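Engineer: PDB, C-alpha atoms (C1' of nucleotides), saved as upload_4.pdb, coming up:
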ATOM      1  CA  MET A   1       6.800   8.456   7.182
ATOM      2  CA  GLU A   2       4.137   9.516   9.625
ATOM      3  CA  THR A   3       0.969  10.707   7.874
ATOM      4  CA  LYS A   4       0.955  14.160   9.505
ATOM      5  CA  LYS A   5       4.521  14.883   8.432
ATOM      6  CA  ARG A   6       3.993  13.470   4.939
ATOM      7  CA  LEU A   7       0.896  15.622   4.372
ATOM      8  CA  LEU A   8       2.777  18.743   5.430
ATOM      9  CA  GLU A   9       5.721  17.734   3.272
ATOM     10  CA  ILE A  10       3.436  17.375   0.246
ATOM     11  CA  TYR A  11       1.962  20.797   0.989
ATOM     12  CA  ASN A  12       5.415  22.372   1.181
ATOM     13  CA  ILE A  13       6.541  20.762  -2.074
ATOM     14  CA  LEU A  14       3.425  21.964  -3.886
ATOM     15  CA  TYR A  15       3.667  25.457  -2.409
ATOM     16  CA  SER A  16       7.306  25.733  -3.489
ATOM     17  CA  ARG A  17       6.491  24.467  -6.953
ATOM     18  CA  PHE A  18       3.258  26.383  -7.669
ATOM     19  CA  GLY A  19       3.217  29.271  -5.166
ATOM     20  CA  PRO A  20       0.136  30.810  -3.520
ATOM     21  CA  GLN A  21      -3.017  30.107  -5.528
ATOM     22  CA  ASN A  22      -5.133  33.014  -4.231
ATOM     23  CA  TRP A  23      -8.380  31.066  -4.249
ATOM     24  CA  TRP A  24     -11.238  31.686  -4.598
ATOM     25  CA  PRO A  25     -11.051  34.141  -7.544
ATOM     26  CA  ALA A  26     -14.134  36.268  -6.738
ATOM     27  CA  ASP A  27     -15.113  39.756  -5.602
ATOM     28  CA  SER A  28     -17.515  38.621  -2.862
ATOM     29  CA  PRO A  29     -18.647  35.580  -0.844
ATOM     30  CA  PHE A  30     -21.855  35.509  -2.884
ATOM     31  CA  GLU A  31     -19.820  35.250  -6.083
ATOM     32  CA  VAL A  32     -17.919  32.333  -4.542
ATOM     33  CA  ILE A  33     -21.169  30.495  -3.856
ATOM     34  CA  ILE A  34     -22.560  31.031  -7.352
ATOM     35  CA  GLY A  35     -19.185  29.988  -8.785
ATOM     36  CA  ALA A  36     -19.191  26.838  -6.659
ATOM     37  CA  ILE A  37     -22.474  25.757  -8.238
ATOM     38  CA  LEU A  38     -21.496  26.821 -11.746
ATOM     39  CA  THR A  39     -18.180  24.935 -11.654
ATOM     40  CA  GLN A  40     -19.738  21.546 -10.988
ATOM     41  CA  SER A  41     -18.078  19.234 -13.492
ATOM     42  CA  THR A  42     -17.161  22.250 -15.590
ATOM     43  CA  ASN A  43     -13.956  23.958 -16.681
ATOM     44  CA  TRP A  44     -13.412  27.229 -14.795
ATOM     45  CA  ASN A  45     -12.973  29.033 -18.117
ATOM     46  CA  ASN A  46     -16.634  28.479 -18.909
ATOM     47  CA  VAL A  47     -17.650  29.530 -15.401
ATOM     48  CA  GLU A  48     -15.882  32.867 -15.846
ATOM     49  CA  LYS A  49     -17.903  33.568 -18.961
ATOM     50  CA  ALA A  50     -21.139  32.872 -17.094
ATOM     51  CA  ILE A  51     -20.121  35.003 -14.107
ATOM     52  CA  GLY A  52     -19.083  37.815 -16.430
ATOM     53  CA  ASN A  53     -22.524  37.650 -17.996
ATOM     54  CA  LEU A  54     -24.232  37.790 -14.597
ATOM     55  CA  LYS A  55     -22.199  40.886 -13.732
ATOM     56  CA  LYS A  56     -23.009  42.460 -17.076
ATOM     57  CA  TYR A  57     -26.716  42.272 -16.279
ATOM     58  CA  ASN A  58     -26.242  43.229 -12.604
ATOM     59  CA  LEU A  59     -27.501  39.847 -11.468
ATOM     60  CA  LEU A  60     -24.629  38.850  -9.199
ATOM     61  CA  ASP A  61     -26.488  39.878  -6.076
ATOM     62  CA  PRO A  62     -28.849  37.869  -3.825
ATOM     63  CA  ASN A  63     -31.853  40.164  -4.238
ATOM     64  CA  ALA A  64     -31.460  40.456  -7.999
ATOM     65  CA  LEU A  65     -31.006  36.723  -8.510
ATOM     66  CA  TYR A  66     -33.891  35.963  -6.193
ATOM     67  CA  LYS A  67     -36.212  38.069  -8.350
ATOM     68  CA  VAL A  68     -35.065  37.057 -11.855
ATOM     69  CA  ASP A  69     -37.010  34.254 -13.522
ATOM     70  CA  GLU A  70     -35.342  30.875 -13.918
ATOM     71  CA  THR A  71     -35.429  30.874 -17.729
ATOM     72  CA  THR A  72     -33.614  34.215 -17.950
ATOM     73  CA  LEU A  73     -31.084  33.016 -15.389
ATOM     74  CA  ALA A  74     -30.491  29.828 -17.383
ATOM     75  CA  GLU A  75     -29.855  31.785 -20.570
ATOM     76  CA  THR A  76     -27.452  34.126 -18.760
ATOM     77  CA  ILE A  77     -25.310  31.271 -17.441
ATOM     78  CA  ARG A  78     -25.492  29.241 -20.646
ATOM     79  CA  ALA A  79     -21.718  29.222 -21.214
ATOM     80  CA  SER A  80     -21.120  27.229 -18.028
ATOM     81  CA  GLY A  81     -22.941  24.181 -19.409
ATOM     82  CA  TYR A  82     -25.743  22.226 -17.699
ATOM     83  CA  TYR A  83     -27.420  25.614 -17.580
ATOM     84  CA  ASN A  84     -30.974  24.493 -16.953
ATOM     85  CA  MET A  85     -29.913  22.318 -14.029
ATOM     86  CA  LYS A  86     -27.654  25.011 -12.628
ATOM     87  CA  ALA A  87     -30.352  27.695 -12.848
ATOM     88  CA  LYS A  88     -32.602  25.403 -10.826
ATOM     89  CA  LYS A  89     -29.811  24.826  -8.284
ATOM     90  CA  ILE A  90     -29.048  28.535  -7.893
ATOM     91  CA  LYS A  91     -32.740  29.220  -7.376
ATOM     92  CA  ALA A  92     -32.879  26.476  -4.752
ATOM     93  CA  PHE A  93     -30.004  28.069  -2.852
ATOM     94  CA  LEU A  94     -31.644  31.497  -2.957
ATOM     95  CA  ASP A  95     -34.916  30.030  -1.661
ATOM     96  CA  PHE A  96     -32.902  28.546   1.204
ATOM     97  CA  LEU A  97     -31.024  31.802   1.870
ATOM     98  CA  PHE A  98     -34.137  33.960   1.931
ATOM     99  CA  SER A  99     -36.388  31.609   3.866
ATOM    100  CA  ASN A 100     -33.780  30.959   6.572
ATOM    101  CA  TYR A 101     -31.508  34.030   6.676
ATOM    102  CA  TYR A 102     -33.458  36.909   5.084
ATOM    103  CA  GLY A 103     -31.079  36.741   2.115
ATOM    104  CA  ASP A 104     -28.170  37.746   4.364
ATOM    105  CA  LEU A 105     -24.966  35.702   3.968
ATOM    106  CA  ASN A 106     -23.451  37.195   7.126
ATOM    107  CA  GLU A 107     -26.337  35.713   9.069
ATOM    108  CA  MET A 108     -25.922  32.360   7.316
ATOM    109  CA  PHE A 109     -22.253  32.123   8.257
ATOM    110  CA  LYS A 110     -23.032  32.783  11.934
ATOM    111  CA  THR A 111     -24.513  29.265  11.987
ATOM    112  CA  PRO A 112     -22.224  26.667  13.621
ATOM    113  CA  MET A 113     -20.177  25.061  10.861
ATOM    114  CA  ASN A 114     -21.418  21.491  11.147
ATOM    115  CA  LEU A 115     -25.052  22.590  11.326
ATOM    116  CA  LEU A 116     -24.578  24.861   8.310
ATOM    117  CA  ARG A 117     -23.051  21.949   6.392
ATOM    118  CA  THR A 118     -26.086  19.802   7.138
ATOM    119  CA  GLN A 119     -28.414  22.598   6.048
ATOM    120  CA  LEU A 120     -26.529  23.152   2.791
ATOM    121  CA  LEU A 121     -26.567  19.421   1.993
ATOM    122  CA  ASN A 122     -30.361  19.581   2.180
ATOM    123  CA  VAL A 123     -30.483  22.216  -0.574
ATOM    124  CA  TYR A 124     -31.178  20.818  -4.045
ATOM    125  CA  GLY A 125     -27.983  20.774  -6.103
ATOM    126  CA  ILE A 126     -25.562  21.173  -3.190
ATOM    127  CA  GLY A 127     -23.583  18.020  -2.458
ATOM    128  CA  GLU A 128     -20.545  17.523  -0.259
ATOM    129  CA  GLU A 129     -17.939  19.260  -2.411
ATOM    130  CA  THR A 130     -20.113  22.282  -3.130
ATOM    131  CA  ALA A 131     -21.166  22.606   0.526
ATOM    132  CA  ASP A 132     -17.561  22.449   1.694
ATOM    133  CA  SER A 133     -16.403  24.901  -0.981
ATOM    134  CA  ILE A 134     -19.029  27.371   0.226
ATOM    135  CA  ILE A 135     -18.015  26.895   3.876
ATOM    136  CA  LEU A 136     -14.268  27.195   3.248
ATOM    137  CA  TYR A 137     -13.983  29.629   0.365
ATOM    138  CA  ALA A 138     -16.999  31.883   1.023
ATOM    139  CA  GLY A 139     -17.206  31.521   4.814
ATOM    140  CA  ASN A 140     -13.501  31.165   5.608
ATOM    141  CA  LEU A 141     -14.295  28.336   8.020
ATOM    142  CA  PRO A 142     -11.956  25.334   8.498
ATOM    143  CA  ILE A 143     -13.283  22.450   6.432
ATOM    144  CA  PHE A 144     -11.269  20.510   3.836
ATOM    145  CA  VAL A 145     -12.674  20.303   0.292
ATOM    146  CA  ILE A 146     -12.313  17.020  -1.600
ATOM    147  CA  ASP A 147     -12.636  16.833  -5.370
ATOM    148  CA  ALA A 148     -11.851  14.398  -8.170
ATOM    149  CA  TYR A 149      -8.240  15.603  -8.458
ATOM    150  CA  THR A 150      -7.668  15.195  -4.726
ATOM    151  CA  LYS A 151      -8.980  11.639  -4.814
ATOM    152  CA  ARG A 152      -6.876  10.775  -7.847
ATOM    153  CA  ILE A 153      -3.675  12.283  -6.463
ATOM    154  CA  MET A 154      -3.963  10.916  -2.941
ATOM    155  CA  SER A 155      -4.893   7.439  -4.178
ATOM    156  CA  ARG A 156      -1.961   7.401  -6.611
ATOM    157  CA  LEU A 157       0.274   8.334  -3.668
ATOM    158  CA  GLY A 158      -1.091   5.330  -1.790
ATOM    159  CA  PHE A 159      -3.049   6.995   1.035
ATOM    160  CA  LEU A 160      -6.457   5.535   0.169
ATOM    161  CA  GLU A 161      -8.178   3.680  -2.660
ATOM    162  CA  GLU A 162      -9.606   6.058  -5.271
ATOM    163  CA  LYS A 163     -13.093   4.640  -4.759
ATOM    164  CA  SER A 164     -12.981   5.508  -1.052
ATOM    165  CA  SER A 165     -15.756   7.815   0.099
ATOM    166  CA  TYR A 166     -15.664  11.590   0.229
ATOM    167  CA  SER A 167     -15.742  11.525   4.018
ATOM    168  CA  GLN A 168     -12.798   9.111   4.185
ATOM    169  CA  PHE A 169     -10.642  11.441   2.099
ATOM    170  CA  GLN A 170     -11.809  14.427   4.117
ATOM    171  CA  LYS A 171     -11.001  12.623   7.357
ATOM    172  CA  LEU A 172      -7.470  11.920   6.111
ATOM    173  CA  PHE A 173      -6.746  15.632   5.885
ATOM    174  CA  MET A 174      -8.760  16.843   8.853
ATOM    175  CA  ASP A 175      -7.368  14.239  11.245
ATOM    176  CA  ASN A 176      -3.794  15.040  10.283
ATOM    177  CA  LEU A 177      -3.601  18.792   9.696
ATOM    178  CA  PRO A 178      -4.221  21.839  11.920
ATOM    179  CA  HIS A 179      -7.737  23.230  11.332
ATOM    180  CA  ASN A 180      -6.562  26.436   9.726
ATOM    181  CA  PRO A 181      -8.798  27.885   6.961
ATOM    182  CA  LYS A 182      -5.842  29.469   5.194
ATOM    183  CA  LEU A 183      -3.965  26.146   5.103
ATOM    184  CA  PHE A 184      -7.049  24.207   3.936
ATOM    185  CA  ASN A 185      -7.687  26.876   1.295
ATOM    186  CA  GLU A 186      -4.189  26.742  -0.191
ATOM    187  CA  TYR A 187      -3.820  22.986   0.136
ATOM    188  CA  HIS A 188      -6.917  22.151  -1.876
ATOM    189  CA  ALA A 189      -6.128  24.790  -4.497
ATOM    190  CA  LEU A 190      -2.585  23.439  -4.831
ATOM    191  CA  LEU A 191      -3.882  19.889  -5.310
ATOM    192  CA  VAL A 192      -6.132  21.110  -8.116
ATOM    193  CA  SER A 193      -3.206  22.922  -9.693
ATOM    194  CA  LEU A 194      -1.074  19.782  -9.509
ATOM    195  CA  GLY A 195      -3.949  17.759 -10.932
ATOM    196  CA  LYS A 196      -4.385  20.064 -13.915
ATOM    197  CA  HIS A 197      -0.682  19.860 -14.759
ATOM    198  CA  PHE A 198       0.319  16.309 -13.919
ATOM    199  CA  CYS A 199      -2.574  14.109 -12.873
ATOM    200  CA  LYS A 200      -4.998  13.963 -15.781
ATOM    201  CA  LYS A 201      -7.444  11.103 -15.855
ATOM    202  CA  SER A 202      -6.155   9.462 -19.028
ATOM    203  CA  ASN A 203      -2.622  10.877 -19.115
ATOM    204  CA  PRO A 204      -0.980  10.429 -15.698
ATOM    205  CA  ASN A 205       2.384  11.951 -16.677
ATOM    206  CA  CYS A 206       3.518  10.762 -13.260
ATOM    207  CA  ALA A 207       7.229  10.760 -14.098
ATOM    208  CA  GLU A 208       7.298  14.552 -14.204
ATOM    209  CA  CYS A 209       5.082  15.004 -11.143
ATOM    210  CA  PRO A 210       6.865  17.067  -8.433
ATOM    211  CA  LEU A 211       5.691  14.518  -5.862
ATOM    212  CA  SER A 212       7.199  11.471  -7.551
ATOM    213  CA  ARG A 213      10.610  10.384  -6.367
TER     214      ARG A 213
ATOM    215  C1'  DG B   1     -13.649  13.658 -34.437
ATOM    216  C1'  DC B   2     -12.474  12.599 -29.319
ATOM    217  C1'  DC B   3     -11.772  13.584 -24.363
ATOM    218  C1'  DC B   4     -12.817  15.977 -20.342
ATOM    219  C1'  DA B   5     -13.620  19.790 -16.983
ATOM    220  C1'  DG B   6     -12.680  22.556  -9.430
ATOM    221  C1'  DG B   7     -20.507  17.317  -9.267
ATOM    222  C1'  DG B   8     -25.036  16.131  -8.090
ATOM    223  C1'  DG B   9     -29.549  13.912  -8.525
ATOM    224  C1'  DG B  10     -32.434  10.104  -9.889
ATOM    225  C1'  DC B  11     -33.042   5.555 -10.795
ATOM    226  C1'  DT B  12     -32.196   0.522 -10.449
ATOM    227  C1'  DC B  13     -30.864  -3.639  -8.186
TER     228       DC B  13
ATOM    229  C1'  DG C   1     -24.641   1.305  -1.123
ATOM    230  C1'  DA C   2     -22.686   0.649  -5.550
ATOM    231  C1'  DG C   3     -23.375   1.261 -10.489
ATOM    232  C1'  DC C   4     -25.300   3.709 -14.316
ATOM    233  C1'  DC C   5     -27.329   7.664 -16.863
ATOM    234  C1'  DC C   6     -28.477  12.507 -17.465
ATOM    235  C1'  DC C   7     -27.359  17.259 -17.544
ATOM    236  C1'  DA C   8     -24.348  20.654 -21.966
ATOM    237  C1'  DT C   9     -20.859  24.234 -23.261
ATOM    238  C1'  DG C  10     -16.205  25.110 -24.793
ATOM    239  C1'  DG C  11     -11.108  24.282 -25.023
ATOM    240  C1'  DG C  12      -7.228  21.224 -26.241
TER     241       DG C  12
END
Please re-express this file's structure in structure tokens.
Structural biologist:
Amino acid sequence: METKKRLLEIYNILYSRFGPQNWWPADSPFEVIIGAILTQSTNWNNVEKAIGNLKKYNLLDPNALYKVDETTLAETIRASGYYNMKAKKIKAFLDFLFSNYYGDLNEMFKTPMNLLRTQLLNVYGIGEETADSIILYAGNLPIFVIDAYTKRIMSRLGFLEEKSSYSQFQKLFMDNLPHNPKLFNEYHALLVSLGKHFCKKSNPNCAECPLSR
DNA sequence: GCCCAGGGGGCTC
DNA sequence: GAGCCCCATGGG
């Protein structure tokens, strides 16, 4: 089947099976960005604990986080794991936000998407997946997020080899789907949901996968 | 006890 | 540019 039709078919199957995912679970774009850094290689359960702690101490705000010292920040986000590294990364993003956009996310998202992506990739601790998560889920701009589940699922379905690059996987989706933020949002979230249920690293469980036939 | 989670940086060759 | 290692808590 033609790639465009197959990708839409997969989306429809997943949407029927799992329903709307309502990503990103957050009260504000800033919370999305902090969550995107905190969730790097980390179960979302642990991220929620860290975000809850930030809220408890009224730190989930650009000005507050910009002022707090890195050690205190690290201790506050401890539950998310890699807390020293992540405190450094969050600080690096805030330095970027305040030196380029006066700490104003609305200003940041006025930047043309591709330029913003390049800028974010130059921030310590922000790689391709985190940059794209920020652009799509905090900025509501049409870019497709690739993660480990997406690579595993799409390679098992035969689209690309699993070791293919991030940009190759991203190109697969962006060359074959309408550039609609809502579609990109749901599609990635649905792939993660499928991955959590049926596409574990060591336990494929492929026979019960809704996409197998 | 073991495996792994909604990655990224640094280093080596 | 590919292949390692490090970061670290918490749930199954």
Engineer: Can you write out as a Markdown table which residues of stretch 71-177 of chain A fall within 10 Å of chain C, alongside each residue's closest atom pair and its distance in Å to one decimal, counting all atoms listed in the file and ordering rows by chain and ascending residue number?
Structural biologist:
| residue | atom | partner | partner_atom | distance |
| --- | --- | --- | --- | --- |
| A:Arg78 | CA | C:DT9 | C1' | 7.3 |
| A:Ala79 | CA | C:DT9 | C1' | 5.5 |
| A:Ser80 | CA | C:DT9 | C1' | 6.0 |
| A:Gly81 | CA | C:DT9 | C1' | 4.4 |
| A:Tyr82 | CA | C:DA8 | C1' | 4.8 |
| A:Tyr83 | CA | C:DA8 | C1' | 7.3 |
| A:Asn84 | CA | C:DC7 | C1' | 8.1 |
| A:Met85 | CA | C:DC7 | C1' | 6.7 |
| A:Lys86 | CA | C:DC7 | C1' | 9.2 |
Engineer: Which residues match the PyMOL selection byres ((chain A) within 8 of (chain B)) in the file above, as an MDAnalysis selection string?
Structural biologist: chainID A and resid 39:44 125:127 129:130 147 192
Engineer: Using the chain letters and numbers from this file, what does the PyMOL selection byres ((chain A and resi 58-72) around 9) select? Give the answer as a ChimeraX atom specification.
Structural biologist: /A:30-31,34,51,53-57,73-77,84,87-88,90-91,94-95,97-98,103-105
Engineer: Interatomic distance between atom CA of A:Met174 and atom CA of A:Arg117?
Structural biologist: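 Atom-to-atom, atom CA of A:Met174 and atom CA of A:Arg117 are spaced 15.4 Å apart.
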Engineer: Just checking: using only C-alpha atoms, which residue out of A:Ala131, A:Lys201, A:Leu194, A:Gly35 ends up closest to A:Glu162?
Structural biologist: A:Lys201
Engineer: How big is the axis-aligned box, and where does its centre sit, when it encloses all atoms of stretch 150-167 of chain A listed in the file and has 5 Å added on every side, reported in Å to one decimal as JSON?
Structural biologist:
{"center_x": -7.7, "center_y": 9.4, "center_z": -1.9, "size_x": 26.0, "size_y": 21.5, "size_z": 21.9}
Engineer: Would you please work out which residue, of A:Ala26, A:Met154, A:Leu38, A:Leu7, is nearest to chain C when using only C-alpha atoms (C1' of nucleotides)?
Structural biologist: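 Of all the options, A:Leu38 lies closest to chain C.
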Engineer: Go ahead and compute the interatomic distance for atom CA of A:Ala92 and atom CA of A:Pro142, in Å to one decimal.
Structural biologist: 24.8 Å
Engineer: Separation of atom CA of A:Asn176 and atom CA of A:Ala148, in Å?
Structural biologist: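 Taking atom CA of A:Asn176 and atom CA of A:Ala148, their separation equals 20.1 Å.
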Engineer: Could you check the closest approach to chain C for each of A:Asn140, A:Asn46, A:Gln168, A:Asn22 and tell me which residue wins, using only C-alpha atoms (C1' of nucleotides)?
Structural biologist: A:Asn46
Engineer: Can you turn the PyMOL selection byres ((chain A and resi 210) around 12) into a concrete residue list for this file, as a short mmCIF file (atom, residue, chain, number, x, y, z; two decimals) with C-alpha atoms, keeping the file's coordinate frame?
Structural biologist:
data_model
loop_
_atom_site.label_atom_id
_atom_site.label_comp_id
_atom_site.auth_asym_id
_atom_site.auth_seq_id
_atom_site.Cartn_x
_atom_site.Cartn_y
_atom_site.Cartn_z
CA GLU A 9 5.72 17.73 3.27
CA ILE A 10 3.44 17.38 0.25
CA TYR A 11 1.96 20.80 0.99
CA ASN A 12 5.42 22.37 1.18
CA ILE A 13 6.54 20.76 -2.07
CA LEU A 14 3.42 21.96 -3.89
CA TYR A 15 3.67 25.46 -2.41
CA SER A 16 7.31 25.73 -3.49
CA ARG A 17 6.49 24.47 -6.95
CA PHE A 18 3.26 26.38 -7.67
CA ILE A 153 -3.68 12.28 -6.46
CA LEU A 157 0.27 8.33 -3.67
CA LEU A 190 -2.58 23.44 -4.83
CA LEU A 191 -3.88 19.89 -5.31
CA SER A 193 -3.21 22.92 -9.69
CA LEU A 194 -1.07 19.78 -9.51
CA GLY A 195 -3.95 17.76 -10.93
CA HIS A 197 -0.68 19.86 -14.76
CA PHE A 198 0.32 16.31 -13.92
CA CYS A 199 -2.57 14.11 -12.87
CA ASN A 205 2.38 11.95 -16.68
CA CYS A 206 3.52 10.76 -13.26
CA ALA A 207 7.23 10.76 -14.10
CA GLU A 208 7.30 14.55 -14.20
CA CYS A 209 5.08 15.00 -11.14
CA LEU A 211 5.69 14.52 -5.86
CA SER A 212 7.20 11.47 -7.55
CA ARG A 213 10.61 10.38 -6.37
#
Engineer: From the list A:Ser99, A:Ser155, A:Asn122, A:Ser165, which residue is nearest chain C when using only C-alpha atoms (C1' of nucleotides)?
Structural biologist: A:Ser165
